[in-house]
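Student: So here's upload_23.cif (mmCIF, C-alpha atoms).
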data_coords
loop_
_atom_site.label_atom_id
_atom_site.label_comp_id
_atom_site.auth_asym_id
_atom_site.auth_seq_id
_atom_site.Cartn_x
_atom_site.Cartn_y
_atom_site.Cartn_z
CA GLN A 21 91.44 79.46 111.54
CA GLY A 22 95.00 79.72 112.82
CA PRO A 23 97.64 77.11 113.63
CA PHE A 24 95.58 75.33 116.29
CA LYS A 25 92.79 74.31 113.92
CA ASP A 26 94.53 74.31 110.55
CA SER A 27 97.66 72.29 109.70
CA ARG A 28 98.66 74.74 106.96
CA PHE A 29 100.39 76.90 109.58
CA ALA A 30 103.52 76.33 111.69
CA PHE A 31 105.28 78.65 114.17
CA ASP A 32 108.98 78.38 115.06
CA LEU A 33 111.20 80.45 117.35
CA VAL A 34 114.28 81.54 115.41
CA PHE A 35 116.03 83.38 118.23
CA ASN A 36 115.12 85.15 121.44
CA GLY A 37 117.62 87.67 122.73
CA PRO A 38 117.82 90.84 124.79
CA LEU A 39 118.05 93.14 121.75
CA ARG A 40 115.76 91.41 119.28
CA SER A 41 113.62 88.31 118.89
CA ARG A 42 112.33 86.55 115.80
CA ILE A 43 109.68 83.96 115.01
CA LYS A 44 109.04 82.18 111.73
CA VAL A 45 105.54 81.48 110.43
CA SER A 46 105.19 78.98 107.58
CA THR A 47 102.04 78.72 105.50
CA THR A 48 101.77 75.65 103.26
CA ASN A 49 99.15 74.11 100.97
CA TRP A 50 97.12 77.31 100.86
CA ASN A 51 94.39 76.97 98.27
CA SER A 52 92.65 80.31 98.68
CA GLY A 53 90.00 79.68 96.06
CA ASN A 54 91.90 82.25 94.01
CA GLY A 55 95.19 80.48 93.52
CA PHE A 56 97.66 78.28 95.36
CA TYR A 57 100.35 79.69 97.62
CA GLU A 58 103.03 78.84 100.17
CA LEU A 59 105.06 81.41 102.06
CA GLU A 60 107.38 82.09 104.98
CA GLN A 61 107.05 85.09 107.26
CA PHE A 62 109.63 86.32 109.76
CA TYR A 63 108.43 88.58 112.57
CA THR A 64 111.28 90.47 114.26
CA ALA A 65 110.70 92.52 117.43
CA TYR A 66 113.30 94.98 118.70
CA ALA A 67 114.08 96.12 122.24
CA SER A 68 112.72 99.55 123.23
CA LYS A 69 110.61 99.78 120.08
CA SER A 70 106.83 99.70 119.66
CA TRP A 71 107.12 98.08 116.25
CA SER A 72 108.14 94.86 114.55
CA ILE A 73 109.28 94.11 111.01
CA VAL A 74 107.49 91.39 109.02
CA GLU A 75 109.42 89.83 106.13
CA ASN A 76 107.40 87.81 103.61
CA LYS A 77 108.74 85.38 101.02
CA PHE A 78 106.49 83.30 98.76
CA LYS A 79 107.84 79.82 98.05
CA LYS A 80 104.94 78.95 95.74
CA PHE A 81 102.86 81.59 93.99
CA TYR A 82 100.27 80.42 91.50
CA PRO A 83 97.58 83.08 91.09
CA PRO A 84 94.65 82.61 88.72
CA ALA A 85 95.53 85.68 86.66
CA SER A 86 98.54 87.81 85.73
CA ASN A 87 97.18 91.00 87.31
CA VAL A 88 97.36 89.70 90.91
CA MET A 89 99.12 92.04 93.38
CA PHE A 90 100.63 91.66 96.83
CA GLY A 91 98.52 92.70 99.78
CA ALA A 92 99.09 93.59 103.42
CA GLY A 93 96.74 95.08 105.95
CA ILE A 94 95.47 95.41 109.49
CA ARG A 95 91.99 94.68 110.72
CA ARG A 96 90.06 97.71 111.90
CA ILE A 97 90.48 97.81 115.67
CA MET A 98 87.45 97.11 117.84
CA ASN A 99 85.52 100.26 118.82
CA GLU A 100 87.43 102.26 116.25
CA TYR A 101 86.78 105.97 116.68
CA ALA A 102 89.52 107.32 114.40
CA SER A 103 91.83 106.16 111.64
CA VAL A 104 94.70 107.72 109.71
CA THR A 105 95.52 106.65 106.16
CA LYS A 106 98.18 108.29 104.06
CA LYS A 107 101.09 107.35 101.85
CA GLY A 108 102.09 103.88 103.02
CA ILE A 109 100.67 104.38 106.53
CA ALA A 110 97.47 103.07 108.11
CA ILE A 111 96.55 103.67 111.77
CA SER A 112 93.44 102.43 113.58
CA MET A 113 92.54 103.63 117.10
CA GLY A 114 89.83 102.48 119.47
CA LYS A 115 88.45 103.35 122.90
CA ASN A 116 87.17 101.20 125.77
CA ILE A 117 88.24 97.92 124.22
CA GLU A 118 87.61 94.67 126.06
CA ALA A 119 90.89 92.75 126.18
CA ARG A 120 89.88 89.10 126.07
CA ILE A 121 91.77 86.02 125.06
CA PRO A 122 90.22 84.81 121.78
CA ASP A 123 87.64 82.05 122.31
CA GLU A 124 87.98 82.39 126.10
CA ASP A 125 85.56 85.22 126.77
CA ILE A 126 83.60 83.38 129.48
CA GLY A 127 82.86 85.35 132.64
CA GLU A 128 81.98 88.88 133.62
CA GLU A 129 85.42 90.21 134.57
CA VAL A 130 87.43 91.65 131.71
CA LEU A 131 90.19 94.22 131.34
CA VAL A 132 88.86 97.31 129.56
CA VAL A 133 91.57 99.24 127.71
CA PRO A 134 90.68 102.96 127.61
CA TRP A 135 92.73 103.58 124.46
CA GLN A 136 94.56 101.41 121.96
CA GLY A 137 96.23 102.03 118.61
CA ILE A 138 97.60 99.76 115.90
CA GLY A 139 99.35 100.69 112.70
CA MET A 140 101.13 99.49 109.59
CA VAL A 141 103.84 101.08 107.46
CA ILE A 142 104.63 99.96 103.91
CA ALA A 143 107.90 101.32 102.52
CA ASP A 144 107.62 103.71 99.59
CA LYS A 145 109.78 101.43 97.42
CA TYR A 146 106.90 98.93 97.24
CA LYS A 147 104.55 101.58 95.77
CA PRO A 148 101.67 100.85 98.19
CA GLU A 149 98.12 101.83 97.29
CA TYR A 150 95.57 102.12 100.11
CA LYS A 151 92.14 100.48 99.94
CA ALA A 152 89.52 100.12 102.65
CA ILE A 153 87.78 96.73 102.84
CA LYS A 154 84.47 96.26 104.66
CA ASN A 155 84.66 92.46 104.86
CA TYR A 156 85.47 90.65 108.12
CA GLY A 157 84.70 93.62 110.35
CA GLY A 158 86.64 96.09 108.22
CA ASN A 159 90.27 96.19 107.11
CA HIS A 160 92.84 98.84 106.26
CA LEU A 161 94.63 97.30 103.30
CA PHE A 162 97.48 98.11 100.94
CA ARG A 163 98.08 96.50 97.57
CA MET A 164 101.46 96.51 95.85
CA PRO A 165 102.98 95.38 92.56
CA LEU A 166 104.75 92.03 92.66
CA THR A 167 108.48 92.01 93.23
CA GLY A 168 110.93 90.00 91.14
CA ASP A 169 111.81 87.61 93.96
CA LEU A 170 108.24 87.41 95.35
CA SER A 171 109.26 88.95 98.66
CA TYR A 172 108.33 92.13 100.54
CA GLU A 173 108.24 93.45 104.09
CA TYR A 174 106.38 95.93 106.27
CA MET A 175 106.33 97.42 109.76
CA ILE A 176 103.58 96.80 112.31
CA VAL A 177 103.13 99.16 115.28
CA ALA A 178 101.05 99.08 118.47
CA GLY A 179 100.44 101.13 121.59
CA TRP A 180 97.91 101.21 124.42
CA SER A 181 96.97 103.39 127.37
CA PHE A 182 98.73 101.08 129.85
CA GLY A 183 102.09 101.48 128.11
CA GLU A 184 104.86 103.76 129.31
CA VAL A 185 105.23 105.42 125.90
CA ASN A 186 103.01 106.09 122.87
CA ASN A 187 99.99 105.62 125.12
CA ASN A 188 97.62 108.19 123.58
CA GLU A 189 96.46 109.27 120.14
CA LYS A 190 98.78 112.26 119.74
CA ASP A 191 101.98 110.50 120.85
CA PHE A 192 101.19 107.33 118.94
CA THR A 193 100.45 109.00 115.60
CA ARG A 194 103.59 111.12 115.96
CA TYR A 195 105.64 108.01 116.76
CA VAL A 196 104.33 106.17 113.70
CA ASP A 197 105.17 109.15 111.47
CA GLU A 198 108.69 109.42 112.89
CA GLU A 199 109.43 105.71 112.62
CA ALA A 200 107.96 105.56 109.11
CA LEU A 201 110.36 108.31 108.04
CA LYS A 202 113.32 106.33 109.44
CA TYR A 203 112.03 103.11 107.89
CA ASN A 204 111.89 104.73 104.47
CA ASN A 205 115.33 106.31 104.85
CA PRO A 206 117.65 103.75 106.46
CA PRO A 207 121.30 104.70 106.96
CA VAL A 208 123.54 103.67 104.08
CA VAL A 209 127.20 102.81 104.66
CA GLU A 210 129.52 103.15 101.66
CA ILE A 211 133.27 102.74 101.35
CA LEU A 212 134.35 105.40 98.89
CA LYS A 213 138.11 104.95 99.02
CA TYR A 214 140.61 102.64 100.63
CA GLU A 215 143.70 104.18 102.12
CA GLU A 216 146.81 102.28 103.13
CA LYS A 217 148.87 103.38 106.07
CA THR A 218 152.42 104.21 105.08
CA LYS A 219 155.22 102.42 106.89
#
With the file now loaded, output its structure as structure tokens.

Tutor:
Amino acid sequence: QGPFKDSRFAFDLVFNGPLRSRIKVSTTNWNSGNGFYELEQFYTAYASKSWSIVENKFKKFYPPASNVMFGAGIRRIMNEYASVTKKGIAISMGKNIEARIPDEDIGEEVLVVPWQGIGMVIADKYKPEYKAIKNYGGNHLFRMPLTGDLSYEYMIVAGWSFGEVNNNEKDFTRYVDEEALKYNNPPVVEILKYEEKTK
């Protein structure tokens, strides 16, 4: 139901700067019917990027069985005409989408978006396994083994026809592939040897 109708959720601004911004989402007292959970999520957006990183950390994790796995997914976009699913990547694209504020769709005038794409990237290290779900209008979902510290992260990506970049199917899918490659292969800095300057 979201934070406006359900007290389990709370949003906080962590920082808002010119290079990156972050919000914190806390979920408490979550009795899903299949276990009890509490978690914190940090959404970080970066300047000049069409993606954000979502960090998840469970504070309480009491599933009903030992075979429970992590999950992360995106809802199938409205008017979906194409989707891409491959190793750790899910993309959903739609055409002629009515952009309305949720629960405020009164009136005839509405912005129609000719093209829109959304995507998700799960890093290879989490061993994601794709599964399509038909419930709730359709979802592109990944399931993953639990981690030792009950935390994991993923990348979310978006583009639309009114954007300056990644505003069509070809450019957007290429962008997701390129950023997924970088996400899975971050630069590593190592100090191999210290040297002292002689006097």

Student: Distance table requested - region 134-157 of chain A against region 192-213 of chain A, cut-off 9 Å, only C-alpha atoms: one row per qualifying residue with the closest atom pair and its distance in Å to one decimal, ordered by chain and rising residue number, as a tab-separated table.

Tutor:
residue	atom	partner	partner_atom	distance
A:Gly137	CA	A:Phe192	CA	7.3
A:Ile138	CA	A:Phe192	CA	8.9
A:Gly139	CA	A:Val196	CA	7.5
A:Met140	CA	A:Val196	CA	8.5
A:Val141	CA	A:Ala200	CA	6.3
A:Ile142	CA	A:Ala200	CA	8.3
A:Ala143	CA	A:Asn204	CA	5.6
A:Asp144	CA	A:Asn204	CA	6.6
A:Lys145	CA	A:Asn204	CA	8.1

Student: Starting from the displayed file, determine the output of the PyMOL selection byres ((chain A and resi 57) around 10) and express the residue list as a PyMOL selection string.

Tutor: chain A and resi 47-52+54-56+58-59+78-83

Student: One number please: CA of Tyr150 (chain A) to CA of Ala110 (chain A), in Å, one decimal.

Tutor: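 Computing it gives 8.3 Å between the two atoms.
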
Student: Which value, in Å to one decimal, gives the distance between CA of Pro134 (chain A) and CA of Ile111 (chain A)?

Tutor: 16.9 Å

Student: Evaluating the PyMOL selection byres ((chain A and resi 92) around 7) on the displayed file yields which residues, as a list in words?

Tutor: Gly91, Gly93, Leu161, Phe162 and Arg163 of chain A

Student: Could you please determine the separation between CA of Leu170 (chain A) and CA of Gly157 (chain A) in Å, to one decimal place?

Tutor: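 Computing the Euclidean distance for CA of Leu170 (chain A) and CA of Gly157 (chain A) yields 28.6 Å.
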
Student: Give the answer as one residue: which of A:Asp32, A:Glu184, A:Glu100, A:Glu60 has the shortest atom-to-atom distance to His160 (chain A), using only C-alpha atoms?

Tutor: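 Nearest candidate to His160 (chain A) out of A:Asp32, A:Glu184, A:Glu100, A:Glu60: A:Glu100.
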
Student: Nearest to Trp180 (chain A) among A:Ser112, A:Thr64, A:Asn76, A:Thr218, with distances taken over only C-alpha atoms: which residue is it?

Tutor: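 Answer, going by the shortest atom-to-atom distance: A:Ser112.
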
Student: Select, from A:Arg40, A:Ala119, A:Ile94, A:Ala152, the residue with the minimum atom-to-atom distance to Ser68 (chain A), counting only C-alpha atoms.

Tutor: A:Arg40

Student: Once the PyMOL selection byres ((chain A and resi 75) around 6) is applied to the coordinates I shared, what remains selected? I want it as number ranges by chain.

Tutor: A: 61-62, 74, 76, 173

Student: Do a neighbour search on region 33-37 of chain A at 10 Å with all atoms listed in the file, toss out local chain neighbours closer than 6 positions, and write the hits as an MDAnalysis selection string.

Tutor: chainID A and resid 43:45 62:67

Student: Between A:Val104, A:Ile153, A:Ile117, A:Met164, which has the minimum distance to Leu131 (chain A) (counting all atoms listed in the file)?

Tutor: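 Selected residue with least distance to Leu131 (chain A): A:Ile117.
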
Student: Pick from A:Lys190, A:Lys77, A:Lys106, A:Arg96: nearest to Ser46 (chain A), with all atoms listed in the file counted?

Tutor: A:Lys77

Student: Counting only C-alpha atoms, figure out which residue out of A:Asn155, A:Asn116, A:Ser181, A:Ser171 gets nearest to Asn99 (chain A).

Tutor: A:Asn116
